[in-house]
$ cat structure_7.txt   # compact mmCIF, N, CA and C atoms and all ligand atoms
# COMPACT_ATOMS: atom_id res chain seq x y z
N MET A 22 17.10 157.96 127.57
CA MET A 22 17.29 159.11 128.47
C MET A 22 16.24 160.17 128.20
N ASN A 23 15.61 160.61 129.27
CA ASN A 23 14.62 161.67 129.12
C ASN A 23 15.29 162.99 128.79
N GLU A 24 14.50 163.88 128.19
CA GLU A 24 15.00 165.22 127.93
C GLU A 24 14.31 166.21 128.85
N PHE A 25 15.06 167.17 129.33
CA PHE A 25 14.47 168.21 130.16
C PHE A 25 13.54 169.08 129.32
N ILE A 26 12.33 169.32 129.84
CA ILE A 26 11.37 170.19 129.15
C ILE A 26 11.24 171.49 129.95
N LEU A 27 11.64 172.56 129.32
CA LEU A 27 11.53 173.88 129.95
C LEU A 27 10.06 174.27 130.05
N LYS A 28 9.68 174.80 131.23
CA LYS A 28 8.31 175.28 131.43
C LYS A 28 8.13 176.58 130.63
N THR A 29 7.19 176.57 129.69
CA THR A 29 7.06 177.72 128.79
C THR A 29 5.62 178.20 128.69
N VAL A 30 5.46 179.40 128.16
CA VAL A 30 4.15 179.92 127.77
C VAL A 30 4.21 180.26 126.28
N LYS A 31 3.07 180.09 125.61
CA LYS A 31 2.97 180.44 124.19
C LYS A 31 2.60 181.91 124.07
N VAL A 32 3.32 182.61 123.22
CA VAL A 32 3.11 184.05 123.07
C VAL A 32 3.01 184.40 121.59
N SER A 33 2.08 185.30 121.27
CA SER A 33 1.93 185.76 119.89
C SER A 33 3.13 186.59 119.47
N LYS A 34 3.61 186.36 118.27
CA LYS A 34 4.69 187.20 117.74
C LYS A 34 4.52 187.30 116.23
N ASN A 35 5.17 188.28 115.66
CA ASN A 35 5.09 188.49 114.22
C ASN A 35 3.63 188.56 113.76
N VAL A 36 2.88 189.46 114.40
CA VAL A 36 1.45 189.59 114.14
C VAL A 36 1.21 190.67 113.09
N PHE A 37 0.44 190.35 112.05
CA PHE A 37 0.09 191.38 111.08
C PHE A 37 -1.21 191.01 110.37
N VAL A 38 -1.83 192.03 109.78
CA VAL A 38 -3.03 191.80 108.98
C VAL A 38 -2.59 191.61 107.54
N ALA A 39 -3.08 190.58 106.91
CA ALA A 39 -2.80 190.35 105.50
C ALA A 39 -4.08 190.57 104.71
N VAL A 40 -3.98 191.36 103.67
CA VAL A 40 -5.11 191.59 102.78
C VAL A 40 -4.78 191.00 101.43
N GLU A 41 -5.60 190.10 100.95
CA GLU A 41 -5.37 189.49 99.65
C GLU A 41 -6.41 190.02 98.67
N PRO A 42 -5.99 190.85 97.75
CA PRO A 42 -6.94 191.36 96.76
C PRO A 42 -7.32 190.27 95.77
N THR A 43 -8.37 190.55 94.97
CA THR A 43 -8.85 189.53 94.04
C THR A 43 -7.97 189.40 92.80
N VAL A 44 -7.03 190.35 92.61
CA VAL A 44 -6.13 190.27 91.46
C VAL A 44 -5.16 189.10 91.68
N PRO A 45 -5.11 188.14 90.80
CA PRO A 45 -4.25 186.97 91.02
C PRO A 45 -2.78 187.35 91.10
N GLY A 46 -2.09 186.75 92.05
CA GLY A 46 -0.65 186.96 92.15
C GLY A 46 -0.24 188.31 92.70
N TYR A 47 -1.20 189.09 93.23
CA TYR A 47 -0.88 190.42 93.71
C TYR A 47 -1.33 190.55 95.16
N LYS A 48 -0.45 190.94 96.05
CA LYS A 48 -0.80 191.00 97.47
C LYS A 48 -0.38 192.31 98.08
N ILE A 49 -1.23 192.81 98.98
CA ILE A 49 -0.88 193.99 99.77
C ILE A 49 -0.85 193.57 101.23
N LEU A 50 0.20 193.94 101.93
CA LEU A 50 0.26 193.66 103.35
C LEU A 50 0.02 194.95 104.12
N ARG A 51 -0.85 194.89 105.09
CA ARG A 51 -1.07 196.04 105.96
C ARG A 51 -0.61 195.64 107.35
N THR A 52 0.30 196.39 107.91
CA THR A 52 0.83 196.02 109.22
C THR A 52 0.08 196.74 110.32
N GLY A 53 0.07 196.14 111.50
CA GLY A 53 -0.49 196.79 112.68
C GLY A 53 0.54 197.78 113.23
N LYS A 54 0.25 198.30 114.39
CA LYS A 54 1.14 199.29 115.00
C LYS A 54 2.54 198.72 115.21
N THR A 55 2.58 197.49 115.66
CA THR A 55 3.87 196.89 116.00
C THR A 55 3.93 195.53 115.32
N HIS A 56 4.56 195.49 114.17
CA HIS A 56 4.54 194.24 113.40
C HIS A 56 5.85 193.49 113.48
N ALA A 57 6.94 194.20 113.75
CA ALA A 57 8.24 193.51 113.75
C ALA A 57 8.66 193.23 115.19
N GLU A 58 9.26 192.10 115.41
CA GLU A 58 9.83 191.75 116.71
C GLU A 58 8.83 191.94 117.85
N ILE A 59 7.61 191.41 117.64
CA ILE A 59 6.60 191.54 118.67
C ILE A 59 7.01 190.70 119.88
N GLU A 60 7.12 191.33 121.00
CA GLU A 60 7.49 190.61 122.20
C GLU A 60 6.24 190.35 123.02
N ARG A 61 6.41 189.64 124.07
CA ARG A 61 5.30 189.19 124.90
C ARG A 61 4.29 190.29 125.20
N GLN A 62 4.73 191.46 125.65
CA GLN A 62 3.81 192.49 126.09
C GLN A 62 3.05 193.13 124.95
N TYR A 63 3.55 192.99 123.69
CA TYR A 63 2.91 193.63 122.56
C TYR A 63 2.06 192.67 121.73
N GLY A 64 2.27 191.37 121.89
CA GLY A 64 1.61 190.39 121.04
C GLY A 64 0.10 190.53 121.05
N GLU A 65 -0.48 190.55 122.22
CA GLU A 65 -1.93 190.62 122.37
C GLU A 65 -2.46 191.95 121.81
N MET A 66 -1.76 193.04 122.15
CA MET A 66 -2.16 194.37 121.70
C MET A 66 -2.15 194.42 120.17
N ALA A 67 -1.10 193.89 119.58
CA ALA A 67 -0.98 193.89 118.13
C ALA A 67 -2.09 193.07 117.50
N TYR A 68 -2.40 191.94 118.12
CA TYR A 68 -3.46 191.08 117.58
C TYR A 68 -4.79 191.82 117.58
N GLU A 69 -5.10 192.48 118.70
CA GLU A 69 -6.35 193.24 118.79
C GLU A 69 -6.39 194.37 117.78
N GLU A 70 -5.24 195.01 117.59
CA GLU A 70 -5.16 196.09 116.60
C GLU A 70 -5.43 195.55 115.20
N CYS A 71 -4.88 194.38 114.91
CA CYS A 71 -5.13 193.77 113.61
C CYS A 71 -6.61 193.45 113.43
N GLU A 72 -7.24 192.93 114.48
CA GLU A 72 -8.67 192.63 114.40
C GLU A 72 -9.46 193.90 114.13
N ARG A 73 -9.06 195.01 114.77
CA ARG A 73 -9.73 196.29 114.54
C ARG A 73 -9.55 196.73 113.09
N ILE A 74 -8.34 196.60 112.58
CA ILE A 74 -8.06 196.98 111.20
C ILE A 74 -8.89 196.14 110.23
N ILE A 75 -9.01 194.85 110.55
CA ILE A 75 -9.81 193.97 109.69
C ILE A 75 -11.25 194.45 109.58
N SER A 76 -11.84 194.81 110.73
CA SER A 76 -13.24 195.25 110.66
C SER A 76 -13.35 196.57 109.91
N GLU A 77 -12.32 197.43 110.04
CA GLU A 77 -12.30 198.67 109.25
C GLU A 77 -12.21 198.35 107.76
N ILE A 78 -11.34 197.43 107.41
CA ILE A 78 -11.18 197.05 106.00
C ILE A 78 -12.48 196.48 105.45
N GLU A 79 -13.12 195.61 106.24
CA GLU A 79 -14.35 194.99 105.76
C GLU A 79 -15.46 196.03 105.56
N ARG A 80 -15.44 197.08 106.40
CA ARG A 80 -16.45 198.13 106.28
C ARG A 80 -16.20 199.05 105.10
N HIS A 81 -14.95 199.32 104.81
CA HIS A 81 -14.64 200.41 103.89
C HIS A 81 -14.02 200.00 102.56
N VAL A 82 -13.51 198.79 102.47
CA VAL A 82 -12.77 198.41 101.27
C VAL A 82 -13.54 197.34 100.50
N ASP A 83 -13.65 197.51 99.18
CA ASP A 83 -14.29 196.51 98.33
C ASP A 83 -13.22 195.76 97.54
N ASP A 84 -13.65 194.69 96.93
CA ASP A 84 -12.83 193.97 95.95
C ASP A 84 -11.54 193.40 96.50
N PHE A 85 -11.66 192.68 97.60
CA PHE A 85 -10.53 191.84 98.01
C PHE A 85 -11.05 190.45 98.29
N LEU A 86 -10.18 189.50 98.17
CA LEU A 86 -10.59 188.10 98.32
C LEU A 86 -10.84 187.76 99.78
N ARG A 87 -9.87 188.04 100.64
CA ARG A 87 -10.08 187.80 102.06
C ARG A 87 -9.09 188.62 102.85
N VAL A 88 -9.39 188.83 104.13
CA VAL A 88 -8.50 189.55 105.02
C VAL A 88 -8.43 188.77 106.33
N TYR A 89 -7.24 188.66 106.88
CA TYR A 89 -7.11 187.88 108.11
C TYR A 89 -5.89 188.35 108.89
N THR A 90 -5.86 187.98 110.16
CA THR A 90 -4.71 188.29 111.00
C THR A 90 -3.74 187.12 110.99
N HIS A 91 -2.51 187.43 110.69
CA HIS A 91 -1.45 186.43 110.77
C HIS A 91 -0.78 186.53 112.14
N GLN A 92 -0.53 185.41 112.78
CA GLN A 92 0.30 185.45 113.98
C GLN A 92 1.03 184.13 114.13
N GLU A 93 2.19 184.20 114.71
CA GLU A 93 2.94 183.00 115.05
C GLU A 93 3.00 182.90 116.55
N LEU A 94 3.11 181.68 117.05
CA LEU A 94 3.23 181.49 118.50
C LEU A 94 4.66 181.09 118.82
N GLY A 95 5.27 181.82 119.74
CA GLY A 95 6.62 181.50 120.18
C GLY A 95 6.59 180.94 121.59
N ASP A 96 7.59 180.12 121.93
CA ASP A 96 7.72 179.59 123.28
C ASP A 96 8.59 180.52 124.11
N TYR A 97 8.05 180.97 125.23
CA TYR A 97 8.80 181.85 126.12
C TYR A 97 8.88 181.21 127.50
N CYS A 98 9.98 181.49 128.19
CA CYS A 98 10.17 180.93 129.54
C CYS A 98 9.03 181.37 130.44
N PHE A 99 8.47 180.41 131.17
CA PHE A 99 7.36 180.66 132.08
C PHE A 99 7.75 181.66 133.17
N TYR A 100 9.02 181.66 133.55
CA TYR A 100 9.44 182.47 134.70
C TYR A 100 9.89 183.88 134.31
N CYS A 101 10.71 183.99 133.26
CA CYS A 101 11.33 185.29 132.98
C CYS A 101 10.88 185.89 131.64
N ASN A 102 10.05 185.16 130.89
CA ASN A 102 9.52 185.65 129.60
C ASN A 102 10.57 185.83 128.52
N SER A 103 11.76 185.26 128.71
CA SER A 103 12.73 185.26 127.61
C SER A 103 12.34 184.19 126.61
N PRO A 104 12.75 184.35 125.34
CA PRO A 104 12.53 183.27 124.38
C PRO A 104 13.12 181.98 124.93
N ALA A 105 12.35 180.89 124.86
CA ALA A 105 12.78 179.62 125.44
C ALA A 105 13.98 179.09 124.68
N GLU A 106 15.05 178.82 125.41
CA GLU A 106 16.28 178.39 124.76
C GLU A 106 17.02 177.44 125.68
N LEU A 107 17.53 176.37 125.09
CA LEU A 107 18.38 175.45 125.84
C LEU A 107 19.75 175.43 125.19
N ASP A 108 20.78 175.22 125.99
CA ASP A 108 22.12 175.13 125.39
C ASP A 108 22.31 173.74 124.76
N GLU A 109 23.50 173.48 124.22
CA GLU A 109 23.67 172.22 123.47
C GLU A 109 23.57 170.99 124.37
N ASP A 110 23.70 171.19 125.69
CA ASP A 110 23.53 170.07 126.62
C ASP A 110 22.10 169.95 127.12
N GLY A 111 21.21 170.79 126.60
CA GLY A 111 19.80 170.70 126.99
C GLY A 111 19.47 171.44 128.26
N ARG A 112 20.37 172.34 128.69
CA ARG A 112 20.14 173.12 129.91
C ARG A 112 19.59 174.50 129.55
N PRO A 113 18.65 175.02 130.36
CA PRO A 113 18.13 176.37 130.09
C PRO A 113 19.21 177.41 130.33
N VAL A 114 19.13 178.52 129.59
CA VAL A 114 20.15 179.56 129.70
C VAL A 114 19.59 180.89 130.19
N CYS A 115 18.25 180.99 130.36
CA CYS A 115 17.66 182.32 130.55
C CYS A 115 17.69 182.83 131.99
N CYS A 116 17.37 182.01 132.98
CA CYS A 116 17.23 182.55 134.34
C CYS A 116 17.48 181.49 135.40
N GLU A 117 17.72 181.96 136.62
CA GLU A 117 18.01 181.08 137.75
C GLU A 117 16.88 180.08 138.01
N ARG A 118 15.65 180.55 137.90
CA ARG A 118 14.50 179.70 138.22
C ARG A 118 14.40 178.51 137.26
N ALA A 119 14.66 178.79 135.98
CA ALA A 119 14.63 177.71 134.99
C ALA A 119 15.77 176.74 135.23
N ILE A 120 16.94 177.27 135.59
CA ILE A 120 18.10 176.42 135.89
C ILE A 120 17.82 175.56 137.12
N GLN A 121 17.13 176.15 138.09
CA GLN A 121 16.74 175.40 139.29
C GLN A 121 15.83 174.22 138.91
N ASP A 122 14.86 174.47 138.02
CA ASP A 122 14.00 173.39 137.51
C ASP A 122 14.85 172.30 136.87
N TYR A 123 15.84 172.73 136.08
CA TYR A 123 16.70 171.77 135.41
C TYR A 123 17.47 170.93 136.44
N ASN A 124 18.02 171.61 137.45
CA ASN A 124 18.80 170.90 138.46
C ASN A 124 17.95 169.88 139.22
N GLU A 125 16.71 170.29 139.54
CA GLU A 125 15.80 169.35 140.22
C GLU A 125 15.47 168.17 139.33
N TRP A 126 15.27 168.46 138.04
CA TRP A 126 14.99 167.39 137.08
C TRP A 126 16.19 166.44 136.98
N ALA A 127 17.40 167.03 136.89
CA ALA A 127 18.62 166.23 136.73
C ALA A 127 18.82 165.32 137.95
N GLU A 128 18.48 165.84 139.12
CA GLU A 128 18.61 165.05 140.34
C GLU A 128 17.67 163.84 140.30
N ARG A 129 16.45 164.07 139.82
CA ARG A 129 15.49 162.97 139.70
C ARG A 129 15.97 161.92 138.72
N GLN A 130 16.70 162.32 137.68
CA GLN A 130 17.22 161.36 136.69
C GLN A 130 18.23 160.43 137.35
N ILE A 131 19.05 161.00 138.24
CA ILE A 131 20.08 160.21 138.91
C ILE A 131 19.44 159.22 139.87
N VAL A 132 18.46 159.72 140.66
CA VAL A 132 17.76 158.85 141.62
C VAL A 132 16.95 157.80 140.88
N GLY A 133 16.54 158.11 139.66
CA GLY A 133 15.79 157.14 138.87
C GLY A 133 14.30 157.18 139.12
N GLU A 134 13.83 158.31 139.67
CA GLU A 134 12.38 158.46 139.86
C GLU A 134 11.69 158.57 138.52
N LYS A 135 10.41 158.20 138.53
CA LYS A 135 9.60 158.39 137.32
C LYS A 135 9.24 159.86 137.18
N GLU A 136 9.21 160.36 135.91
CA GLU A 136 8.80 161.75 135.66
C GLU A 136 7.32 161.93 135.91
ZN ZN A 201 13.77 182.01 132.24
$ encode --input "structure_7.txt" --output "structure tokens" --more "lines below"
Ligand SMILES: [Zn+2]
Amino acid sequence: MNEFILKTVKVSKNVFVAVEPTVPGYKILRTGKTHAEIERQYGEMAYEECERIISEIERHVDDFLRVYTHQELGDYCFYCNSPAELDEDGRPVCCERAIQDYNEWAERQIVGEKE
């Protein structure tokens, strides 16, 4: 049996700049403007802010091992931008449009068409 695949977009979340000093076992984290619960509209902005902070750090700070931007990619519904979620039966829960996709998919499963 095929599984329904929700149409999603990848979005940056939990974005921050990490600075690793040369002292072993010792780390300093520098956060961007919006580091917690980054949602779709802030992900890109936060990433750019982190990149800006990195270039500032590289210009002004000595004696660190490396500096980089951390980000995770989350799956969000293509239609409504909610975090992509299916219920225990594999049906989308976020919006009518996603449910419509599911219903059309389910109909094709019954008819036996190829995906
Ligand atoms: Zn949705």
$ closest_atom_pairs --input "structure_7.txt" --of "chain A" --to "ligand ZN 201 (chain A)" --cutoff "7 Å" --atoms "only N, CA and C atoms and all ligand atoms" --output "JSON lines"
{"residue": "A:Tyr97", "atom": "C", "partner": "A:ZN201", "partner_atom": "ZN", "distance": 6.9}
{"residue": "A:Cys98", "atom": "CA", "partner": "A:ZN201", "partner_atom": "ZN", "distance": 4.6}
{"residue": "A:Phe99", "atom": "N", "partner": "A:ZN201", "partner_atom": "ZN", "distance": 5.6}
{"residue": "A:Tyr100", "atom": "C", "partner": "A:ZN201", "partner_atom": "ZN", "distance": 4.8}
{"residue": "A:Cys101", "atom": "N", "partner": "A:ZN201", "partner_atom": "ZN", "distance": 3.8}
{"residue": "A:Asn102", "atom": "N", "partner": "A:ZN201", "partner_atom": "ZN", "distance": 5.1}
{"residue": "A:Ser103", "atom": "N", "partner": "A:ZN201", "partner_atom": "ZN", "distance": 5.2}
{"residue": "A:Val114", "atom": "C", "partner": "A:ZN201", "partner_atom": "ZN", "distance": 6.3}
{"residue": "A:Cys115", "atom": "C", "partner": "A:ZN201", "partner_atom": "ZN", "distance": 4.0}
{"residue": "A:Cys116", "atom": "N", "partner": "A:ZN201", "partner_atom": "ZN", "distance": 3.7}
{"residue": "A:Glu117", "atom": "N", "partner": "A:ZN201", "partner_atom": "ZN", "distance": 5.9}
{"residue": "A:Arg118", "atom": "N", "partner": "A:ZN201", "partner_atom": "ZN", "distance": 6.1}
{"residue": "A:Ala119", "atom": "N", "partner": "A:ZN201", "partner_atom": "ZN", "distance": 5.0}
{"residue": "A:Ile120", "atom": "N", "partner": "A:ZN201", "partner_atom": "ZN", "distance": 6.6}
$ atom_distance --input "structure_7.txt" --atom1 "CA of Glu69 in chain A" --atom2 "atom N of Glu106 in chain A"
26.6 Å
$ closest_residue --input "structure_7.txt" --among "A:Gln130, A:Val30, A:Asn124, A:Val36" --to "Arg112 in chain A" --atoms "all atoms listed in the file"
A:Asn124
$ atom_distance --input "structure_7.txt" --atom1 "CA of Val32 in chain A" --atom2 "CA of Leu94 in chain A"
5.2 Å
$ atom_distance --input "structure_7.txt" --atom1 "atom C of Glu125 in chain A" --atom2 "atom N of Ser33 in chain A"
28.3 Å
$ closest_residue --input "structure_7.txt" --among "A:Asp122, A:Glu77, A:Phe37, A:Glu109" --to "Thr90 in chain A" --atoms "only C-alpha atoms"
A:Phe37
